[in-house]
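**Student:** Pasting data01.cif here (mmCIF, C-alpha atoms):
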```cif
data_my_file
loop_
_atom_site.group_PDB
_atom_site.id
_atom_site.type_symbol
_atom_site.label_atom_id
_atom_site.label_comp_id
_atom_site.auth_asym_id
_atom_site.auth_seq_id
_atom_site.Cartn_x
_atom_site.Cartn_y
_atom_site.Cartn_z
ATOM 1 C CA MET A 305 79.277 82.024 75.715
ATOM 2 C CA ALA A 306 79.989 85.643 74.694
ATOM 3 C CA LYS A 307 82.780 85.851 77.254
ATOM 4 C CA LYS A 308 84.408 82.732 75.832
ATOM 5 C CA LYS A 309 84.215 84.184 72.315
ATOM 6 C CA PHE A 310 85.719 87.466 73.509
ATOM 7 C CA SER A 311 88.655 85.755 75.206
ATOM 8 C CA LYS A 312 89.276 83.700 72.066
ATOM 9 C CA GLU A 313 89.301 86.889 69.987
ATOM 10 C CA TRP A 314 91.663 88.558 72.462
ATOM 11 C CA VAL A 315 94.072 85.609 72.356
ATOM 12 C CA GLN A 316 93.998 85.675 68.550
ATOM 13 C CA GLN A 317 94.654 89.439 68.478
ATOM 14 C CA HIS A 318 97.478 89.015 70.985
ATOM 15 C CA ILE A 319 99.141 86.268 68.939
ATOM 16 C CA ASN A 320 98.921 88.351 65.754
ATOM 17 C CA ASP A 321 99.979 91.607 67.432
ATOM 18 C CA PRO A 322 103.151 92.876 65.695
ATOM 19 C CA TYR A 323 104.402 94.439 68.957
ATOM 20 C CA VAL A 324 104.026 91.114 70.780
ATOM 21 C CA LYS A 325 106.130 89.445 68.065
ATOM 22 C CA LEU A 326 108.680 92.259 68.145
ATOM 23 C CA ALA A 327 108.925 92.060 71.953
ATOM 24 C CA GLN A 328 109.653 88.331 71.685
ATOM 25 C CA GLN A 329 112.354 88.969 69.075
ATOM 26 C CA LYS A 330 114.042 91.657 71.170
ATOM 27 C CA GLY A 331 113.711 89.723 74.430
ATOM 28 C CA TYR A 332 111.409 92.249 76.129
ATOM 29 C CA ARG A 333 109.086 90.798 78.740
ATOM 30 C CA ALA A 334 106.079 92.747 77.445
ATOM 31 C CA ARG A 335 105.024 94.826 74.419
ATOM 32 C CA ALA A 336 104.725 97.815 76.800
ATOM 33 C CA ALA A 337 108.452 98.441 76.233
ATOM 34 C CA PHE A 338 107.590 99.994 72.865
ATOM 35 C CA LYS A 339 105.157 102.453 74.462
ATOM 36 C CA LEU A 340 107.897 103.816 76.705
ATOM 37 C CA SER A 341 110.436 103.752 73.870
ATOM 38 C CA GLU A 342 108.223 105.957 71.692
ATOM 39 C CA ILE A 343 107.536 108.413 74.544
ATOM 40 C CA LEU A 344 111.254 108.750 75.371
ATOM 41 C CA ASP A 345 112.060 109.372 71.703
ATOM 42 C CA LEU A 346 109.241 111.884 71.126
ATOM 43 C CA GLU A 347 110.095 113.784 74.290
ATOM 44 C CA LYS A 348 113.860 113.507 73.699
ATOM 45 C CA ILE A 349 114.420 112.104 77.202
ATOM 46 C CA GLN A 350 117.952 110.820 77.830
ATOM 47 C CA VAL A 351 118.609 108.284 80.596
ATOM 48 C CA GLN A 352 122.384 107.789 80.512
ATOM 49 C CA GLY A 353 123.916 108.835 83.809
ATOM 50 C CA LYS A 354 120.465 109.379 85.334
ATOM 51 C CA VAL A 355 118.599 107.999 88.360
ATOM 52 C CA VAL A 356 115.334 106.359 87.291
ATOM 53 C CA VAL A 357 112.542 104.963 89.479
ATOM 54 C CA ASP A 358 110.163 102.461 87.834
ATOM 55 C CA LEU A 359 106.844 102.184 89.720
ATOM 56 C CA GLY A 360 104.671 99.148 89.011
ATOM 57 C CA SER A 361 107.607 97.557 87.208
ATOM 58 C CA THR A 362 106.558 93.886 86.881
ATOM 59 C CA PRO A 363 107.096 92.036 84.545
ATOM 60 C CA GLY A 364 109.994 94.411 83.878
ATOM 61 C CA SER A 365 109.890 95.524 80.232
ATOM 62 C CA TRP A 366 110.166 99.234 81.117
ATOM 63 C CA SER A 367 113.190 98.558 83.336
ATOM 64 C CA GLN A 368 114.687 96.428 80.536
ATOM 65 C CA LEU A 369 114.322 99.293 78.061
ATOM 66 C CA ILE A 370 115.794 101.888 80.454
ATOM 67 C CA ARG A 371 118.716 99.573 81.227
ATOM 68 C CA GLU A 372 119.337 99.041 77.504
ATOM 69 C CA ARG A 373 119.502 102.813 76.978
ATOM 70 C CA MET A 374 121.756 103.308 80.001
ATOM 71 C CA VAL A 375 124.464 101.018 78.686
ATOM 72 C CA GLY A 376 127.396 103.108 77.503
ATOM 73 C CA PRO A 377 130.650 102.343 75.691
ATOM 74 C CA GLY A 378 132.147 98.983 76.572
ATOM 75 C CA GLY A 379 128.813 97.716 77.845
ATOM 76 C CA VAL A 380 129.102 99.657 81.115
ATOM 77 C CA LEU A 381 125.837 100.604 82.804
ATOM 78 C CA ASN A 382 125.805 104.384 83.176
ATOM 79 C CA GLY A 383 122.958 105.239 85.545
ATOM 80 C CA ARG A 384 120.786 103.733 88.258
ATOM 81 C CA ILE A 385 117.384 102.026 88.066
ATOM 82 C CA ILE A 386 115.249 101.252 91.104
ATOM 83 C CA ALA A 387 112.135 99.217 90.317
ATOM 84 C CA LEU A 388 109.197 98.583 92.612
ATOM 85 C CA ASP A 389 106.085 96.415 92.387
ATOM 86 C CA ILE A 390 103.598 94.607 94.599
ATOM 87 C CA LEU A 391 104.276 91.467 92.505
ATOM 88 C CA GLU A 392 107.538 89.570 92.177
ATOM 89 C CA MET A 393 109.797 90.439 89.264
ATOM 90 C CA GLU A 394 112.406 88.205 87.676
ATOM 91 C CA PRO A 395 115.824 89.814 88.255
ATOM 92 C CA ILE A 396 117.307 92.112 85.594
ATOM 93 C CA ALA A 397 121.063 92.701 85.733
ATOM 94 C CA GLY A 398 121.797 96.178 87.057
ATOM 95 C CA VAL A 399 118.228 96.850 88.211
ATOM 96 C CA GLU A 400 117.548 97.182 91.945
ATOM 97 C CA PHE A 401 114.150 95.647 92.669
ATOM 98 C CA MET A 402 111.957 96.157 95.707
ATOM 99 C CA GLN A 403 108.779 94.167 96.300
ATOM 100 C CA GLY A 404 106.002 95.992 98.114
ATOM 101 C CA ASP A 405 102.809 98.008 97.872
ATOM 102 C CA PHE A 406 103.567 101.563 96.780
ATOM 103 C CA ARG A 407 100.481 102.749 98.701
ATOM 104 C CA GLU A 408 102.059 101.756 102.027
ATOM 105 C CA ASP A 409 104.226 104.255 103.917
ATOM 106 C CA SER A 410 106.692 101.562 104.998
ATOM 107 C CA VAL A 411 107.414 100.668 101.345
ATOM 108 C CA LEU A 412 107.838 104.330 100.416
ATOM 109 C CA GLU A 413 110.266 104.754 103.305
ATOM 110 C CA GLN A 414 112.245 101.738 102.082
ATOM 111 C CA LEU A 415 112.415 103.297 98.617
ATOM 112 C CA GLN A 416 113.557 106.620 100.073
ATOM 113 C CA GLU A 417 116.260 104.848 102.094
ATOM 114 C CA SER A 418 117.469 103.081 98.967
ATOM 115 C CA LEU A 419 117.865 106.444 97.220
ATOM 116 C CA LYS A 420 120.195 107.592 100.033
ATOM 117 C CA GLY A 421 119.242 111.217 99.441
ATOM 118 C CA ALA A 422 119.954 111.093 95.706
ATOM 119 C CA ALA A 423 117.598 113.157 93.545
ATOM 120 C CA VAL A 424 115.648 111.304 90.847
ATOM 121 C CA ASP A 425 115.793 112.397 87.201
ATOM 122 C CA LEU A 426 112.940 110.298 85.860
ATOM 123 C CA VAL A 427 109.935 108.586 87.463
ATOM 124 C CA ILE A 428 108.064 106.134 85.234
ATOM 125 C CA SER A 429 104.796 104.514 86.260
ATOM 126 C CA ASP A 430 102.922 101.845 84.340
ATOM 127 C CA MET A 431 100.853 101.121 87.459
ATOM 128 C CA ALA A 432 97.241 100.123 86.931
ATOM 129 C CA PRO A 433 94.740 98.977 89.562
ATOM 130 C CA ASN A 434 92.755 95.750 89.400
ATOM 131 C CA LEU A 435 89.624 96.970 87.647
ATOM 132 C CA SER A 436 86.241 96.031 89.093
ATOM 133 C CA GLY A 437 84.096 97.072 86.132
ATOM 134 C CA VAL A 438 82.383 99.696 88.265
ATOM 135 C CA ALA A 439 83.345 102.902 86.441
ATOM 136 C CA SER A 440 83.254 105.287 89.423
ATOM 137 C CA ALA A 441 85.274 102.958 91.664
ATOM 138 C CA ASP A 442 87.826 102.212 88.938
ATOM 139 C CA SER A 443 88.289 105.913 88.120
ATOM 140 C CA ALA A 444 88.942 106.654 91.780
ATOM 141 C CA ARG A 445 91.563 103.875 91.973
ATOM 142 C CA ILE A 446 93.324 105.073 88.820
ATOM 143 C CA GLN A 447 93.301 108.659 90.071
ATOM 144 C CA HIS A 448 94.737 107.547 93.408
ATOM 145 C CA LEU A 449 97.693 105.781 91.744
ATOM 146 C CA CYS A 450 98.415 108.839 89.563
ATOM 147 C CA GLU A 451 98.303 111.055 92.662
ATOM 148 C CA LEU A 452 100.706 108.763 94.518
ATOM 149 C CA ALA A 453 103.158 108.747 91.606
ATOM 150 C CA GLN A 454 102.933 112.543 91.391
ATOM 151 C CA GLU A 455 103.424 112.933 95.142
ATOM 152 C CA PHE A 456 106.547 110.768 95.012
ATOM 153 C CA ALA A 457 107.855 112.706 91.996
ATOM 154 C CA LEU A 458 107.295 116.086 93.665
ATOM 155 C CA GLN A 459 109.334 114.948 96.669
ATOM 156 C CA HIS A 460 112.213 113.323 94.779
ATOM 157 C CA LEU A 461 112.600 114.743 91.270
ATOM 158 C CA THR A 462 115.319 117.196 90.308
ATOM 159 C CA ASP A 463 114.099 120.642 89.187
ATOM 160 C CA GLU A 464 114.223 119.553 85.535
ATOM 161 C CA GLY A 465 112.991 116.028 86.285
ATOM 162 C CA VAL A 466 110.361 114.119 84.318
ATOM 163 C CA LEU A 467 107.357 112.048 85.384
ATOM 164 C CA ILE A 468 105.678 109.600 82.975
ATOM 165 C CA VAL A 469 102.463 107.957 84.202
ATOM 166 C CA LYS A 470 99.776 105.772 82.733
ATOM 167 C CA ALA A 471 96.289 107.235 83.086
ATOM 168 C CA PHE A 472 92.934 106.373 81.523
ATOM 169 C CA HIS A 473 90.485 108.625 79.707
ATOM 170 C CA GLY A 474 87.206 108.811 81.564
ATOM 171 C CA SER A 475 85.835 110.162 84.806
ATOM 172 C CA GLY A 476 88.528 111.960 86.805
ATOM 173 C CA PHE A 477 91.021 112.219 83.924
ATOM 174 C CA SER A 478 90.705 116.004 83.522
ATOM 175 C CA GLN A 479 91.277 116.438 87.285
ATOM 176 C CA ILE A 480 94.516 114.406 87.044
ATOM 177 C CA VAL A 481 95.739 116.560 84.141
ATOM 178 C CA GLU A 482 94.812 119.762 86.009
ATOM 179 C CA SER A 483 96.646 118.596 89.113
ATOM 180 C CA PHE A 484 99.777 117.855 87.051
ATOM 181 C CA LYS A 485 99.596 121.283 85.382
ATOM 182 C CA GLN A 486 99.559 122.968 88.783
ATOM 183 C CA ASN A 487 102.853 121.320 89.705
ATOM 184 C CA PHE A 488 104.774 120.943 86.444
ATOM 185 C CA VAL A 489 105.938 123.453 83.835
ATOM 186 C CA ARG A 490 104.968 121.256 80.870
ATOM 187 C CA VAL A 491 102.351 118.484 80.727
ATOM 188 C CA VAL A 492 101.529 116.562 77.537
ATOM 189 C CA GLU A 493 99.343 113.568 76.715
ATOM 190 C CA ARG A 494 100.837 110.775 74.639
ATOM 191 C CA LYS A 495 99.078 107.808 73.028
ATOM 192 C CA PRO A 496 101.912 105.657 71.630
ATOM 193 C CA LYS A 497 101.382 103.539 68.500
ATOM 194 C CA ALA A 498 101.917 100.402 70.580
ATOM 195 C CA SER A 499 98.923 101.337 72.747
ATOM 196 C CA ARG A 500 95.905 99.436 71.436
ATOM 197 C CA ASP A 501 93.253 101.567 69.707
ATOM 198 C CA LYS A 502 90.467 100.184 71.896
ATOM 199 C CA SER A 503 92.390 100.966 75.080
ATOM 200 C CA ALA A 504 91.467 104.103 77.041
ATOM 201 C CA GLU A 505 95.029 104.385 78.339
ATOM 202 C CA THR A 506 96.912 107.634 77.818
ATOM 203 C CA PHE A 507 100.341 108.498 79.136
ATOM 204 C CA LEU A 508 100.975 111.827 80.804
ATOM 205 C CA VAL A 509 104.460 113.299 80.534
ATOM 206 C CA ALA A 510 105.147 116.028 83.084
ATOM 207 C CA ARG A 511 108.455 117.875 83.256
ATOM 208 C CA GLY A 512 110.063 120.697 85.192
ATOM 209 C CA LEU A 513 108.855 121.351 88.720
ATOM 210 C CA LYS A 514 107.054 124.621 89.366
ATOM 211 C CA GLY A 515 107.844 126.795 92.359
ATOM 212 C CA ARG A 516 111.412 125.623 92.839
#
```
Please lay out the structure from this file as structure tokens.
**Tutor:**
Amino acid sequence: MAKKKFSKEWVQQHINDPYVKLAQQKGYRARAAFKLSEILDLEKIQVQGKVVVDLGSTPGSWSQLIRERMVGPGGVLNGRIIALDILEMEPIAGVEFMQGDFREDSVLEQLQESLKGAAVDLVISDMAPNLSGVASADSARIQHLCELAQEFALQHLTDEGVLIVKAFHGSGFSQIVESFKQNFVRVVERKPKASRDKSAETFLVARGLKGR
């Protein structure tokens, strides 16, 4: 009974959510677009003429936002977006999509091949594991995804490149932050306005590779 009540409340909140309404008006596939938009603005991150990799891209709102910002004069797309997810994603004009599990070497190799040796300017990751409700197991899964995104970024980012990942406050969070600080010149935590108050999600923005 309680579960039913909770889901009803969630649906009601979702319907009344101003970001959900705004996303529908602007044609974004999810309200998450506004989280990325705020982070890019706060951090003054430009994407025109850049190579961007979107990890865990489905349904595609982050790729939509990046594409929107890449469009230059005359409606010409100035930049490159490669999106990847384990789930299917409806096509977005100008976005190269790859379906596969980022944790598998074969998928990573496919992504590397697609880059054709080009360095990446920005890696964005909204990846989140399927949560089991067991705190220790979930923390380990979240940490693993953050580590994978960081590993990919360290191999492919330009010296001044930026990595934006979704993490969650809780067990293992401080270790993730510490690991990022060892490898990047600047690491900040961002909790965008579009991120629900009750959510433990926090976005880490890491920029400038150390030791290069």
**Student:** Applying the PyMOL selection byres ((chain A and resi 415) around 10) to the file I just gave you, which residues come out? Please list them as a PDB file with C-alpha atoms, keeping the file's coordinate frame.
**Tutor:**
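selection02.pdb, freshly written:
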```
ATOM      1  CA  VAL A 357     112.542 104.963  89.479  1.00  0.00           C
ATOM      2  CA  ILE A 386     115.249 101.252  91.104  1.00  0.00           C
ATOM      3  CA  ALA A 387     112.135  99.217  90.317  1.00  0.00           C
ATOM      4  CA  LEU A 388     109.197  98.583  92.612  1.00  0.00           C
ATOM      5  CA  PHE A 401     114.150  95.647  92.669  1.00  0.00           C
ATOM      6  CA  MET A 402     111.957  96.157  95.707  1.00  0.00           C
ATOM      7  CA  GLY A 404     106.002  95.992  98.114  1.00  0.00           C
ATOM      8  CA  PHE A 406     103.567 101.563  96.780  1.00  0.00           C
ATOM      9  CA  ASP A 409     104.226 104.255 103.917  1.00  0.00           C
ATOM     10  CA  SER A 410     106.692 101.562 104.998  1.00  0.00           C
ATOM     11  CA  VAL A 411     107.414 100.668 101.345  1.00  0.00           C
ATOM     12  CA  LEU A 412     107.838 104.330 100.416  1.00  0.00           C
ATOM     13  CA  GLU A 413     110.266 104.754 103.305  1.00  0.00           C
ATOM     14  CA  GLN A 414     112.245 101.738 102.082  1.00  0.00           C
ATOM     15  CA  GLN A 416     113.557 106.620 100.073  1.00  0.00           C
ATOM     16  CA  GLU A 417     116.260 104.848 102.094  1.00  0.00           C
ATOM     17  CA  SER A 418     117.469 103.081  98.967  1.00  0.00           C
ATOM     18  CA  LEU A 419     117.865 106.444  97.220  1.00  0.00           C
ATOM     19  CA  LYS A 420     120.195 107.592 100.033  1.00  0.00           C
TER      20      LYS A 420
END
```
**Student:** Find the distance between CA of Thr362 (chain A) and CA of Ser341 (chain A) and write it in Å to one decimal.
**Tutor:** 16.8 Å
**Student:** Selection in question (the file shown): the PyMOL selection byres ((chain A and resi 358) around 9). Which residues does it include, as a list of chain:residue names?
**Tutor:**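 Applying the expression gives A:Val356, A:Val357, A:Leu359, A:Gly360, A:Ser361, A:Gly364, A:Trp366, A:Ser367, A:Ile385, A:Ile386, A:Ala387, A:Leu388, A:Asp389, A:Leu426, A:Val427, A:Ile428, A:Ser429, A:Asp430.
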**Student:** Find the residue from A:Ala422, A:Ala444, A:Ala453, A:Ile370 that sits nearest to Arg407 (chain A); use only C-alpha atoms when measuring.
**Tutor:** A:Ala453
**Student:** When you draw a straight line from CA of Lys339 (chain A) to CA of Pro433 (chain A), how long is it in Å?
**Tutor:**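 The value is 18.7 Å.
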**Student:** So how far away is CA of Gln403 (chain A) from CA of Phe488 (chain A), in Å?
**Tutor:** 28.8 Å
**Student:** With distances taken over all atoms listed in the file, which residue among A:Ala504, A:Val492, A:Ala439, A:Ala336 lies nearest Ala471 (chain A)?
**Tutor:**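 Of all the options, A:Ala504 lies closest to Ala471 (chain A).
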**Student:** When you look at Leu508 (chain A) with a cut-off of 6 Å (counting all atoms listed in the file), what residues show up, excluding the ones that are within fewer than 6 positions of it in the same chain? I need them as a PDB file with C-alpha atoms, in the frame of the given file.
**Tutor:**
```
ATOM      1  CA  ILE A 468     105.678 109.600  82.975  1.00  0.00           C
ATOM      2  CA  VAL A 469     102.463 107.957  84.202  1.00  0.00           C
ATOM      3  CA  VAL A 492     101.529 116.562  77.537  1.00  0.00           C
ATOM      4  CA  GLU A 493      99.343 113.568  76.715  1.00  0.00           C
TER       5      GLU A 493
END
```
**Student:** Reconstruct N, CA, C and O atoms of region 454-475 of chain A from the incomplete input and present them as a PDB file, keeping the file's coordinate frame.
**Tutor:**
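Final output, result33.pdb:
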```
ATOM      1  N   GLN A 454     102.617 111.119  91.440  1.00  0.00           N
ATOM      2  CA  GLN A 454     102.933 112.543  91.391  1.00  0.00           C
ATOM      3  C   GLN A 454     103.535 113.012  92.721  1.00  0.00           C
ATOM      4  O   GLN A 454     104.530 113.737  92.744  1.00  0.00           O
ATOM      5  N   GLU A 455     102.946 112.564  93.803  1.00  0.00           N
ATOM      6  CA  GLU A 455     103.424 112.933  95.142  1.00  0.00           C
ATOM      7  C   GLU A 455     104.884 112.516  95.321  1.00  0.00           C
ATOM      8  O   GLU A 455     105.718 113.289  95.800  1.00  0.00           O
ATOM      9  N   PHE A 456     105.176 111.277  94.911  1.00  0.00           N
ATOM     10  CA  PHE A 456     106.547 110.768  95.012  1.00  0.00           C
ATOM     11  C   PHE A 456     107.482 111.619  94.151  1.00  0.00           C
ATOM     12  O   PHE A 456     108.565 112.007  94.579  1.00  0.00           O
ATOM     13  N   ALA A 457     107.047 111.916  92.924  1.00  0.00           N
ATOM     14  CA  ALA A 457     107.855 112.706  91.996  1.00  0.00           C
ATOM     15  C   ALA A 457     108.141 114.096  92.546  1.00  0.00           C
ATOM     16  O   ALA A 457     109.265 114.592  92.472  1.00  0.00           O
ATOM     17  N   LEU A 458     107.126 114.730  93.136  1.00  0.00           N
ATOM     18  CA  LEU A 458     107.295 116.086  93.665  1.00  0.00           C
ATOM     19  C   LEU A 458     108.318 116.113  94.799  1.00  0.00           C
ATOM     20  O   LEU A 458     109.031 117.082  94.987  1.00  0.00           O
ATOM     21  N   GLN A 459     108.396 115.020  95.540  1.00  0.00           N
ATOM     22  CA  GLN A 459     109.334 114.948  96.669  1.00  0.00           C
ATOM     23  C   GLN A 459     110.755 114.617  96.224  1.00  0.00           C
ATOM     24  O   GLN A 459     111.719 115.020  96.861  1.00  0.00           O
ATOM     25  N   HIS A 460     110.892 113.878  95.117  1.00  0.00           N
ATOM     26  CA  HIS A 460     112.213 113.323  94.779  1.00  0.00           C
ATOM     27  C   HIS A 460     112.829 113.777  93.471  1.00  0.00           C
ATOM     28  O   HIS A 460     114.025 113.576  93.263  1.00  0.00           O
ATOM     29  N   LEU A 461     112.047 114.350  92.570  1.00  0.00           N
ATOM     30  CA  LEU A 461     112.600 114.743  91.270  1.00  0.00           C
ATOM     31  C   LEU A 461     113.537 115.944  91.380  1.00  0.00           C
ATOM     32  O   LEU A 461     113.362 116.809  92.230  1.00  0.00           O
ATOM     33  N   THR A 462     114.498 116.007  90.456  1.00  0.00           N
ATOM     34  CA  THR A 462     115.319 117.196  90.308  1.00  0.00           C
ATOM     35  C   THR A 462     114.423 118.294  89.710  1.00  0.00           C
ATOM     36  O   THR A 462     113.329 118.001  89.221  1.00  0.00           O
ATOM     37  N   ASP A 463     114.903 119.523  89.726  1.00  0.00           N
ATOM     38  CA  ASP A 463     114.099 120.642  89.187  1.00  0.00           C
ATOM     39  C   ASP A 463     113.643 120.401  87.750  1.00  0.00           C
ATOM     40  O   ASP A 463     112.545 120.777  87.368  1.00  0.00           O
ATOM     41  N   GLU A 464     114.529 119.798  86.954  1.00  0.00           N
ATOM     42  CA  GLU A 464     114.223 119.553  85.535  1.00  0.00           C
ATOM     43  C   GLU A 464     113.726 118.132  85.305  1.00  0.00           C
ATOM     44  O   GLU A 464     113.634 117.676  84.156  1.00  0.00           O
ATOM     45  N   GLY A 465     113.388 117.431  86.370  1.00  0.00           N
ATOM     46  CA  GLY A 465     112.991 116.028  86.285  1.00  0.00           C
ATOM     47  C   GLY A 465     111.710 115.788  85.498  1.00  0.00           C
ATOM     48  O   GLY A 465     110.936 116.703  85.226  1.00  0.00           O
ATOM     49  N   VAL A 466     111.514 114.507  85.141  1.00  0.00           N
ATOM     50  CA  VAL A 466     110.361 114.119  84.318  1.00  0.00           C
ATOM     51  C   VAL A 466     109.577 112.995  84.998  1.00  0.00           C
ATOM     52  O   VAL A 466     110.160 112.078  85.582  1.00  0.00           O
ATOM     53  N   LEU A 467     108.260 113.085  84.878  1.00  0.00           N
ATOM     54  CA  LEU A 467     107.357 112.048  85.384  1.00  0.00           C
ATOM     55  C   LEU A 467     106.516 111.539  84.217  1.00  0.00           C
ATOM     56  O   LEU A 467     105.905 112.324  83.488  1.00  0.00           O
ATOM     57  N   ILE A 468     106.516 110.218  84.010  1.00  0.00           N
ATOM     58  CA  ILE A 468     105.678 109.600  82.975  1.00  0.00           C
ATOM     59  C   ILE A 468     104.742 108.623  83.670  1.00  0.00           C
ATOM     60  O   ILE A 468     105.195 107.676  84.327  1.00  0.00           O
ATOM     61  N   VAL A 469     103.429 108.853  83.550  1.00  0.00           N
ATOM     62  CA  VAL A 469     102.463 107.957  84.202  1.00  0.00           C
ATOM     63  C   VAL A 469     101.390 107.490  83.234  1.00  0.00           C
ATOM     64  O   VAL A 469     101.009 108.209  82.316  1.00  0.00           O
ATOM     65  N   LYS A 470     100.916 106.275  83.500  1.00  0.00           N
ATOM     66  CA  LYS A 470      99.776 105.772  82.733  1.00  0.00           C
ATOM     67  C   LYS A 470      98.493 106.242  83.403  1.00  0.00           C
ATOM     68  O   LYS A 470      98.319 106.100  84.609  1.00  0.00           O
ATOM     69  N   ALA A 471      97.609 106.826  82.596  1.00  0.00           N
ATOM     70  CA  ALA A 471      96.289 107.235  83.086  1.00  0.00           C
ATOM     71  C   ALA A 471      95.258 106.671  82.113  1.00  0.00           C
ATOM     72  O   ALA A 471      95.614 106.037  81.113  1.00  0.00           O
ATOM     73  N   PHE A 472      93.986 106.865  82.407  1.00  0.00           N
ATOM     74  CA  PHE A 472      92.934 106.373  81.523  1.00  0.00           C
ATOM     75  C   PHE A 472      91.915 107.478  81.286  1.00  0.00           C
ATOM     76  O   PHE A 472      91.479 108.138  82.232  1.00  0.00           O
ATOM     77  N   HIS A 473      91.535 107.653  80.030  1.00  0.00           N
ATOM     78  CA  HIS A 473      90.485 108.625  79.707  1.00  0.00           C
ATOM     79  C   HIS A 473      89.186 108.180  80.351  1.00  0.00           C
ATOM     80  O   HIS A 473      88.864 107.004  80.354  1.00  0.00           O
ATOM     81  N   GLY A 474      88.467 109.134  80.907  1.00  0.00           N
ATOM     82  CA  GLY A 474      87.206 108.811  81.564  1.00  0.00           C
ATOM     83  C   GLY A 474      87.009 109.735  82.745  1.00  0.00           C
ATOM     84  O   GLY A 474      87.676 110.769  82.860  1.00  0.00           O
ATOM     85  N   SER A 475      86.123 109.348  83.634  1.00  0.00           N
ATOM     86  CA  SER A 475      85.835 110.162  84.806  1.00  0.00           C
ATOM     87  C   SER A 475      87.108 110.395  85.629  1.00  0.00           C
ATOM     88  O   SER A 475      87.845 109.458  85.918  1.00  0.00           O
TER      89      SER A 475
END
```
